[in-house]
file protein_14.txt (compact mmCIF, C-alpha atoms and all ligand atoms)
# COMPACT_ATOMS: atom_id res chain seq x y z
CA MET A 1 97.68 112.51 101.76
CA MET A 2 100.58 111.54 99.49
CA ARG A 3 102.45 108.35 100.33
CA ILE A 4 105.92 107.80 98.89
CA PHE A 5 107.55 104.37 99.14
CA VAL A 6 111.35 104.43 98.76
CA LEU A 7 113.45 101.28 98.39
CA THR A 8 117.21 101.75 98.73
CA GLY A 9 120.11 99.45 97.88
CA ALA A 10 123.89 99.38 98.07
CA GLY A 11 124.24 102.17 95.49
CA ILE A 12 123.01 104.80 97.96
CA SER A 13 125.89 103.96 100.31
CA ALA A 14 128.55 103.59 97.59
CA GLU A 15 129.75 107.18 97.88
CA SER A 16 130.06 106.74 101.66
CA GLY A 17 132.78 104.19 100.90
CA LEU A 18 130.77 100.99 101.28
CA GLY A 19 131.17 98.66 98.32
CA THR A 20 128.24 97.52 96.23
CA PHE A 21 127.62 93.83 95.52
CA ARG A 22 127.44 94.04 91.76
CA GLY A 23 128.80 96.55 89.29
CA LYS A 24 130.70 96.40 86.07
CA PRO A 25 131.92 92.86 85.27
CA GLY A 26 134.50 91.79 87.84
CA ASP A 27 133.51 94.63 90.19
CA GLY A 28 131.68 94.53 93.53
CA LEU A 29 131.78 92.44 96.69
CA TRP A 30 130.31 89.32 95.10
CA ALA A 31 133.01 89.35 92.41
CA LYS A 32 135.65 89.11 95.15
CA PHE A 33 133.81 86.82 97.57
CA ASP A 34 131.58 83.83 96.93
CA PRO A 35 128.17 84.59 98.50
CA MET A 36 127.40 80.87 98.70
CA LYS A 37 130.39 80.44 101.05
CA LEU A 38 129.63 83.53 103.17
CA ALA A 39 125.96 84.50 103.03
CA THR A 40 123.91 81.33 103.41
CA PRO A 41 122.76 79.34 106.46
CA GLU A 42 124.70 76.35 105.07
CA ALA A 43 127.92 78.39 104.89
CA PHE A 44 127.45 79.48 108.52
CA ALA A 45 126.86 75.90 109.64
CA ALA A 46 129.96 74.68 107.76
CA ASP A 47 132.38 77.47 108.73
CA PRO A 48 130.97 80.02 111.21
CA GLY A 49 134.44 81.55 111.73
CA ALA A 50 134.76 82.49 108.06
CA VAL A 51 131.26 83.99 108.00
CA HIS A 52 131.95 85.98 111.18
CA ALA A 53 135.26 87.24 109.73
CA PHE A 54 133.49 88.49 106.60
CA TYR A 55 130.82 90.39 108.54
CA ASN A 56 133.35 91.60 111.17
CA ALA A 57 135.35 93.25 108.37
CA ARG A 58 132.21 94.89 106.99
CA ARG A 59 131.14 96.02 110.50
CA ASN A 60 134.56 97.58 111.15
CA ASN A 61 134.44 99.29 107.76
CA LEU A 62 130.96 100.67 108.51
CA LEU A 63 132.18 102.27 111.72
CA THR A 64 134.64 104.42 109.72
CA THR A 65 132.07 105.70 107.17
CA LYS A 66 129.50 108.46 107.28
CA PRO A 67 126.20 109.23 105.52
CA ASN A 68 126.35 111.10 102.20
CA PRO A 69 123.97 113.78 100.80
CA ALA A 70 121.59 111.09 99.45
CA HIS A 71 120.94 109.72 102.96
CA VAL A 72 120.61 113.26 104.32
CA ALA A 73 118.10 114.21 101.60
CA LEU A 74 115.88 111.20 102.41
CA ALA A 75 115.91 112.11 106.12
CA ARG A 76 114.84 115.64 105.17
CA LEU A 77 112.12 114.22 102.91
CA GLU A 78 110.68 112.22 105.81
CA THR A 79 110.57 115.28 108.08
CA GLU A 80 109.17 117.68 105.48
CA LEU A 81 106.50 115.26 104.22
CA ALA A 82 105.34 114.64 107.78
CA LYS A 83 104.99 118.42 108.33
CA ARG A 84 102.52 118.66 105.45
CA GLY A 85 100.59 115.52 106.38
CA ASP A 86 102.24 113.27 103.77
CA LYS A 87 104.27 110.16 104.46
CA LEU A 88 107.55 108.50 103.49
CA PHE A 89 107.88 104.73 103.89
CA LEU A 90 111.60 103.90 103.68
CA VAL A 91 112.68 100.30 103.10
CA THR A 92 116.34 99.47 102.69
CA GLN A 93 118.12 96.33 101.56
CA ASN A 94 121.23 97.73 103.21
CA ILE A 95 122.50 96.39 106.49
CA ASP A 96 124.42 99.60 107.26
CA ASN A 97 122.98 102.29 109.57
CA LEU A 98 123.66 105.30 107.35
CA HIS A 99 119.98 106.23 106.94
CA GLU A 100 119.58 106.40 110.72
CA ARG A 101 122.82 108.34 111.14
CA ALA A 102 121.59 110.86 108.56
CA GLY A 103 118.46 111.41 110.66
CA SER A 104 115.85 109.05 109.18
CA ARG A 105 113.56 108.05 112.01
CA ARG A 106 111.73 105.10 110.50
CA VAL A 107 113.74 102.66 108.41
CA ILE A 108 112.70 99.10 107.60
CA HIS A 109 115.82 96.93 107.20
CA MET A 110 114.43 94.06 105.13
CA HIS A 111 117.86 92.34 104.96
CA GLY A 112 118.73 92.92 108.62
CA GLU A 113 121.31 95.07 110.38
CA LEU A 114 125.06 94.68 110.63
CA LEU A 115 125.16 96.28 114.09
CA LYS A 116 122.86 93.65 115.59
CA ALA A 117 123.39 90.01 116.50
CA ARG A 118 120.73 87.35 116.91
CA CYS A 119 120.81 84.37 119.26
CA THR A 120 119.96 81.12 117.48
CA GLN A 121 118.94 79.64 120.86
CA CYS A 122 116.71 82.26 122.52
CA GLN A 123 116.08 84.40 119.34
CA ALA A 124 117.06 87.61 121.17
CA VAL A 125 118.17 90.41 118.84
CA VAL A 126 120.86 92.51 120.51
CA SER A 127 122.89 95.57 119.56
CA TRP A 128 126.42 94.44 118.58
CA HIS A 129 129.30 96.75 117.58
CA ASP A 130 132.28 94.47 118.34
CA ASP A 131 133.58 91.53 116.38
CA LEU A 132 131.41 88.43 116.58
CA GLU A 133 133.38 85.27 117.37
CA THR A 134 132.39 81.62 117.40
CA THR A 135 132.86 81.85 121.19
CA SER A 136 130.70 84.98 121.69
CA VAL A 137 128.14 84.68 124.50
CA CYS A 138 124.49 85.70 124.16
CA PRO A 139 123.90 88.55 126.65
CA ARG A 140 120.30 87.38 127.13
CA CYS A 141 120.47 83.58 127.64
CA GLU A 142 124.26 83.30 128.15
CA GLN A 143 124.59 80.48 125.64
CA ILE A 144 128.06 80.25 124.08
CA SER A 145 128.50 79.99 120.27
CA ALA A 146 124.86 80.72 119.45
CA LEU A 147 125.12 84.27 118.11
CA ARG A 148 124.89 85.00 114.39
CA PRO A 149 124.81 88.28 112.45
CA HIS A 150 121.26 89.66 112.34
CA VAL A 151 121.31 89.69 108.56
CA VAL A 152 119.24 87.87 105.96
CA TRP A 153 121.17 85.29 103.98
CA PHE A 154 120.36 83.75 100.61
CA GLY A 155 117.64 81.17 101.16
CA GLU A 156 116.14 83.09 104.11
CA MET A 157 112.98 85.19 104.12
CA PRO A 158 113.54 88.97 104.40
CA PHE A 159 112.03 90.73 107.41
CA GLU A 160 108.72 92.62 107.57
CA MET A 161 107.43 91.39 104.20
CA ASP A 162 103.75 91.68 105.19
CA MET A 163 104.14 95.25 106.41
CA ILE A 164 106.14 96.16 103.30
CA SER A 165 103.56 94.70 100.96
CA ASP A 166 100.72 96.52 102.73
CA ALA A 167 102.59 99.83 102.60
CA LEU A 168 103.42 99.39 98.93
CA SER A 169 99.82 98.66 98.02
CA ILE A 170 98.63 102.02 99.41
CA SER A 171 101.50 104.13 98.02
CA ASP A 172 101.15 106.85 95.38
CA LEU A 173 104.76 106.68 94.19
CA PHE A 174 107.40 103.92 94.28
CA VAL A 175 111.04 105.01 94.02
CA ALA A 176 114.00 102.58 93.84
CA ILE A 177 117.39 104.12 94.62
CA GLY A 178 120.79 102.48 94.06
CA THR A 179 119.63 98.92 93.58
CA SER A 180 120.45 96.58 90.71
CA GLY A 181 117.02 94.95 90.81
CA SER A 182 118.51 91.48 90.79
CA VAL A 183 117.62 90.09 94.22
CA TYR A 184 114.06 89.03 95.00
CA PRO A 185 111.69 89.77 96.63
CA ALA A 186 112.86 93.43 96.59
CA ALA A 187 113.43 93.27 92.83
CA GLY A 188 109.73 92.42 92.44
CA PHE A 189 108.41 95.54 94.21
CA VAL A 190 108.40 97.59 91.01
CA ALA A 191 106.20 95.05 89.21
CA GLN A 192 103.90 94.90 92.24
CA ALA A 193 103.66 98.71 92.23
CA ARG A 194 102.91 98.83 88.50
CA ALA A 195 100.22 96.17 88.83
CA ALA A 196 98.57 98.35 91.48
CA GLY A 197 98.70 101.39 89.16
CA ILE A 198 101.35 103.15 91.23
CA ARG A 199 103.81 105.49 89.49
CA THR A 200 107.40 104.23 89.54
CA CYS A 201 110.78 105.98 89.42
CA GLU A 202 114.34 104.68 89.43
CA ILE A 203 117.37 106.67 90.62
CA ASN A 204 120.59 104.81 89.89
CA LEU A 205 124.06 105.25 88.48
CA ASP A 206 122.98 103.38 85.36
CA ALA A 207 120.03 101.33 84.11
CA SER A 208 119.11 98.51 86.49
CA ASP A 209 117.89 95.06 85.45
CA ASN A 210 114.31 96.35 85.80
CA ALA A 211 114.81 99.74 84.14
CA ASP A 212 112.00 99.29 81.61
CA LEU A 213 109.45 98.80 84.41
CA PHE A 214 109.96 102.36 85.67
CA ASP A 215 107.92 105.33 84.44
CA ASP A 216 110.80 107.70 85.20
CA GLN A 217 114.55 107.07 85.22
CA ARG A 218 117.16 109.37 86.66
CA TYR A 219 120.75 108.31 86.16
CA GLY A 220 123.65 109.74 88.12
CA PRO A 221 125.45 109.36 91.43
CA ALA A 222 122.96 109.12 94.31
CA SER A 223 124.64 111.96 96.23
CA GLU A 224 123.61 114.32 93.42
CA ALA A 225 120.47 112.74 91.94
CA VAL A 226 118.63 112.07 95.22
CA PRO A 227 118.87 115.62 96.66
CA VAL A 228 117.65 117.02 93.30
CA TRP A 229 114.67 114.63 93.27
CA VAL A 230 113.82 115.42 96.91
CA GLU A 231 113.81 119.16 96.20
CA GLU A 232 111.44 118.59 93.28
CA VAL A 233 109.06 116.52 95.41
CA LEU A 234 109.04 119.13 98.15
CA LEU A 235 108.37 121.94 95.67
CA SER A 236 105.44 120.05 94.15
CA ALA A 237 102.08 120.63 95.71
P1 LIG A 301 123.89 95.85 93.99
O1 LIG A 301 125.34 95.89 94.30
O2 LIG A 301 123.35 94.61 93.34
O3 LIG A 301 123.50 97.07 93.05
C1 LIG A 301 123.92 98.36 93.35
C2 LIG A 301 123.37 99.30 92.29
O4 LIG A 301 123.75 100.62 92.66
C3 LIG A 301 123.89 99.05 90.89
O5 LIG A 301 122.81 99.08 89.96
C4 LIG A 301 124.85 100.23 90.65
O6 LIG A 301 124.86 100.66 89.29
C5 LIG A 301 124.25 101.29 91.53
N1 LIG A 301 125.23 102.30 92.00
C6 LIG A 301 126.55 102.16 92.23
N2 LIG A 301 127.09 103.30 92.67
C7 LIG A 301 126.08 104.21 92.72
C8 LIG A 301 125.98 105.58 93.09
N3 LIG A 301 127.05 106.27 93.51
N4 LIG A 301 124.79 106.19 93.01
C9 LIG A 301 123.68 105.50 92.60
N5 LIG A 301 123.71 104.21 92.23
C10 LIG A 301 124.88 103.57 92.30
O7 LIG A 301 123.14 96.17 95.37
P2 LIG A 301 121.64 95.85 95.82
O8 LIG A 301 120.71 96.01 94.68
O9 LIG A 301 121.42 96.61 97.05
O10 LIG A 301 121.57 90.90 99.82
O11 LIG A 301 121.77 94.32 96.17
C11 LIG A 301 120.65 93.65 96.65
C12 LIG A 301 121.05 92.58 97.61
O12 LIG A 301 122.02 91.72 96.99
C13 LIG A 301 121.78 93.06 98.85
O13 LIG A 301 120.90 93.54 99.84
C14 LIG A 301 122.51 91.85 99.29
C15 LIG A 301 123.06 91.42 97.97
O14 LIG A 301 123.38 90.08 97.84
C16 LIG A 301 121.96 90.01 100.76
O15 LIG A 301 123.08 89.98 101.21
C17 LIG A 301 120.86 89.10 101.17

call {"tool": "encode", "arguments": {"input": "protein_14.txt", "output": "structure tokens"}}
result
Amino acid sequence: MMRIFVLTGAGISAESGLGTFRGKPGDGLWAKFDPMKLATPEAFAADPGAVHAFYNARRNNLLTTKPNPAHVALARLETELAKRGDKLFLVTQNIDNLHERAGSRRVIHMHGELLKARCTQCQAVVSWHDDLETTSVCPRCEQISALRPHVVWFGEMPFEMDMISDALSISDLFVAIGTSGSVYPAAGFVAQARAAGIRTCEINLDASDNADLFDDQRYGPASEAVPVWVEEVLLSA
């Protein structure tokens, strides 16, 4: 059985019209907005309205976008590998739902999901497509003002780390797609894979911060490079 572990980042959704966080100097979401004022627990405690407004804008933007050929190719990879008894383990740092909308059935969202809210009182995680307000009411416990975006902020632990680490340790191939390799722990997966003797491949627009840790590098837009790579994998025995 061949096990492929794929990690995706903002670059896979760039051609769907969702901005990346980092790019050329002065480019990307974090060049326009200060993450310390919008994506930390302290920022939410100090000004929940501003944090909600930031994620509301991103949620509304997401609802107008659609998956691109890179998402579609990964969904096909999952289906075709399963047919031949192999396995894809797909972990994304993205909080969008474009993998699911392209047909991927199993996606681990290590940084959470934009279309979910979490209650800070009862811990319920609920589907949420509308704007979140400071006065929003938890549908489970009915507490007012306790809902937050179900996303991981700087200073918080990503989700499913134990499961991810276990899956990585038994993989045959680690592939990072559209990620700058600058945010840990995800940025450390390639080193973990190498230490375990697992082959590593990067698919990105240009060299990431970790480029020299990859055995193979494929540079180009994800919508072109990912379908080509998927075809090659499916043609290999
Ligand atoms: P980044 O914005 O840091 O990196 C995106 C990468 O995608 C860059 O290396 C780009 O060169 C590449 N890229 C851009 N367009 C592309 C395209 N069309 N095809 C292929 N690659 C392309 O995004 P992430 O690495 O995902 O965390 O960022 C990691 C985390 O930092 C995010 O999950 C988020 C952010 O702060 C939190 O909010 C906790």

call {"tool": "residues_near_ligand", "arguments": {"input": "protein_14.txt", "ligand": "ligand LIG 301 (chain A)", "cutoff": "6 Å", "atoms": "all atoms listed in the file", "output": "list in words"}}
result
Gly9, Ala10, Gly11, Ile12, Ala14, Glu15, Thr20, Phe21, Arg22, Gly23, Gln93, Asn94, His111, Val152, Trp153, Phe154, Gly178, Thr179, Ser180, Gly181, Val183, Asn204, Leu205, Asp206, Ser208, Pro221 and Ala222 of chain A

call {"tool": "write_last_selection", "arguments": {"input": "protein_14.txt", "atoms": "C-alpha atoms", "output": "PDB file, in the frame of the given file"}}
result
ATOM      1  CA  GLY A   9     120.110  99.450  97.880  1.00  0.00           C
ATOM      2  CA  ALA A  10     123.890  99.380  98.070  1.00  0.00           C
ATOM      3  CA  GLY A  11     124.240 102.170  95.490  1.00  0.00           C
ATOM      4  CA  ILE A  12     123.010 104.800  97.960  1.00  0.00           C
ATOM      5  CA  ALA A  14     128.550 103.590  97.590  1.00  0.00           C
ATOM      6  CA  GLU A  15     129.750 107.180  97.880  1.00  0.00           C
ATOM      7  CA  THR A  20     128.240  97.520  96.230  1.00  0.00           C
ATOM      8  CA  PHE A  21     127.620  93.830  95.520  1.00  0.00           C
ATOM      9  CA  ARG A  22     127.440  94.040  91.760  1.00  0.00           C
ATOM     10  CA  GLY A  23     128.800  96.550  89.290  1.00  0.00           C
ATOM     11  CA  GLN A  93     118.120  96.330 101.560  1.00  0.00           C
ATOM     12  CA  ASN A  94     121.230  97.730 103.210  1.00  0.00           C
ATOM     13  CA  HIS A 111     117.860  92.340 104.960  1.00  0.00           C
ATOM     14  CA  VAL A 152     119.240  87.870 105.960  1.00  0.00           C
ATOM     15  CA  TRP A 153     121.170  85.290 103.980  1.00  0.00           C
ATOM     16  CA  PHE A 154     120.360  83.750 100.610  1.00  0.00           C
ATOM     17  CA  GLY A 178     120.790 102.480  94.060  1.00  0.00           C
ATOM     18  CA  THR A 179     119.630  98.920  93.580  1.00  0.00           C
ATOM     19  CA  SER A 180     120.450  96.580  90.710  1.00  0.00           C
ATOM     20  CA  GLY A 181     117.020  94.950  90.810  1.00  0.00           C
ATOM     21  CA  VAL A 183     117.620  90.090  94.220  1.00  0.00           C
ATOM     22  CA  ASN A 204     120.590 104.810  89.890  1.00  0.00           C
ATOM     23  CA  LEU A 205     124.060 105.250  88.480  1.00  0.00           C
ATOM     24  CA  ASP A 206     122.980 103.380  85.360  1.00  0.00           C
ATOM     25  CA  SER A 208     119.110  98.510  86.490  1.00  0.00           C
ATOM     26  CA  PRO A 221     125.450 109.360  91.430  1.00  0.00           C
ATOM     27  CA  ALA A 222     122.960 109.120  94.310  1.00  0.00           C
TER      28      ALA A 222
END

call {"tool": "closest_residue", "arguments": {"input": "protein_14.txt", "among": "A:Glu202, A:Ala43, A:Ala82, A:Lys37", "to": "Ala225 (chain A)", "atoms": "only C-alpha atoms"}}
result
A:Glu202

call {"tool": "residues_around", "arguments": {"input": "protein_14.txt", "residues": "region 47-52 of chain A", "least_positions_apart": "4", "cutoff": "8 Å", "atoms": "all atoms listed in the file", "output": "PyMOL selection string"}}
result
chain A and resi 37-39+43+56+131-134+148-149

call {"tool": "write_last_selection", "arguments": {"input": "protein_14.txt", "atoms": "C-alpha atoms", "output": "PDB file, in the coordinates of the input"}}
result
ATOM      1  CA  LYS A  37     130.390  80.440 101.050  1.00  0.00           C
ATOM      2  CA  LEU A  38     129.630  83.530 103.170  1.00  0.00           C
ATOM      3  CA  ALA A  39     125.960  84.500 103.030  1.00  0.00           C
ATOM      4  CA  ALA A  43     127.920  78.390 104.890  1.00  0.00           C
ATOM      5  CA  ASN A  56     133.350  91.600 111.170  1.00  0.00           C
ATOM      6  CA  ASP A 131     133.580  91.530 116.380  1.00  0.00           C
ATOM      7  CA  LEU A 132     131.410  88.430 116.580  1.00  0.00           C
ATOM      8  CA  GLU A 133     133.380  85.270 117.370  1.00  0.00           C
ATOM      9  CA  THR A 134     132.390  81.620 117.400  1.00  0.00           C
ATOM     10  CA  ARG A 148     124.890  85.000 114.390  1.00  0.00           C
ATOM     11  CA  PRO A 149     124.810  88.280 112.450  1.00  0.00           C
TER      12      PRO A 149
END

call {"tool": "closest_residue", "arguments": {"input": "protein_14.txt", "among": "A:Val175, A:Ala73, A:Val190, A:Cys122", "to": "Gln143 (chain A)", "atoms": "only C-alpha atoms"}}
result
A:Cys122

call {"tool": "atom_distance", "arguments": {"input": "protein_14.txt", "atom1": "CA of Asp34 (chain A)", "atom2": "CA of Ala46 (chain A)"}}
result
14.3 Å

call {"tool": "atom_distance", "arguments": {"input": "protein_14.txt", "atom1": "CA of Arg199 (chain A)", "atom2": "CA of Pro185 (chain A)"}}
result
19.0 Å

call {"tool": "residues_around", "arguments": {"input": "protein_14.txt", "residues": "region 159-169 of chain A", "least_positions_apart": "5", "cutoff": "7 Å", "atoms": "all atoms listed in the file", "output": "list of chain:residue names"}}
result
A:Phe5, A:Met110, A:His111, A:Ala193, A:Ala196

call {"tool": "residues_around", "arguments": {"input": "protein_14.txt", "residues": "Cys119 (chain A)", "least_positions_apart": "2", "cutoff": "7 Å", "atoms": "only C-alpha atoms", "output": "list in words"}}
result
Ala117, Gln121, Cys122, Gln123, Ala124, Val125, Cys138, Ala146, Leu147 and Arg148 of chain A

call {"tool": "closest_residue", "arguments": {"input": "protein_14.txt", "among": "A:Lys116, A:Ser223, A:Phe44, A:Val91", "to": "Ser16 (chain A)", "atoms": "only C-alpha atoms"}}
result
A:Ser223

call {"tool": "closest_residue", "arguments": {"input": "protein_14.txt", "among": "A:Met2, A:Ile177, A:Ile144, A:Ala187", "to": "Arg84 (chain A)", "atoms": "all atoms listed in the file"}}
result
A:Met2

call {"tool": "atom_distance", "arguments": {"input": "protein_14.txt", "atom1": "CA of Ala176 (chain A)", "atom2": "CA of Arg105 (chain A)"}}
result
19.0 Å

call {"tool": "closest_residue", "arguments": {"input": "protein_14.txt", "among": "A:Ser171, A:Leu7, A:Thr64, A:Gly19", "to": "Thr92 (chain A)", "atoms": "all atoms listed in the file"}}
result
A:Leu7

call {"tool": "residues_around", "arguments": {"input": "protein_14.txt", "residues": "Ser104 (chain A)", "least_positions_apart": "4", "cutoff": "10 Å", "atoms": "only C-alpha atoms", "output": "list in words"}}
result
His71, Val72, Ala73, Leu74, Ala75, Arg76, Leu77, Glu78, Thr79, Leu90, Asn97, Leu98, His99 and Glu100 of chain A

call {"tool": "closest_residue", "arguments": {"input": "protein_14.txt", "among": "A:Arg118, A:Pro69, A:Thr8, A:His109", "to": "Phe189 (chain A)", "atoms": "only C-alpha atoms"}}
result
A:Thr8

call {"tool": "axis_aligned_box", "arguments": {"input": "protein_14.txt", "around": "region 38-51 of chain A", "padding_each_side": "8 Å", "output": "lines of an AutoDock Vina configuration file"}}
result
center_x = 128.8
center_y = 79.6
center_z = 107.4
size_x = 28.0
size_y = 25.8
size_z = 24.7

call {"tool": "residues_around", "arguments": {"input": "protein_14.txt", "residues": "Arg58 (chain A)", "least_positions_apart": "3", "cutoff": "10 Å", "atoms": "only C-alpha atoms", "output": "JSON, numbers by chain"}}
result
{"A": [18, 19, 52, 53, 54, 55, 61, 62, 63, 95, 96, 114]}
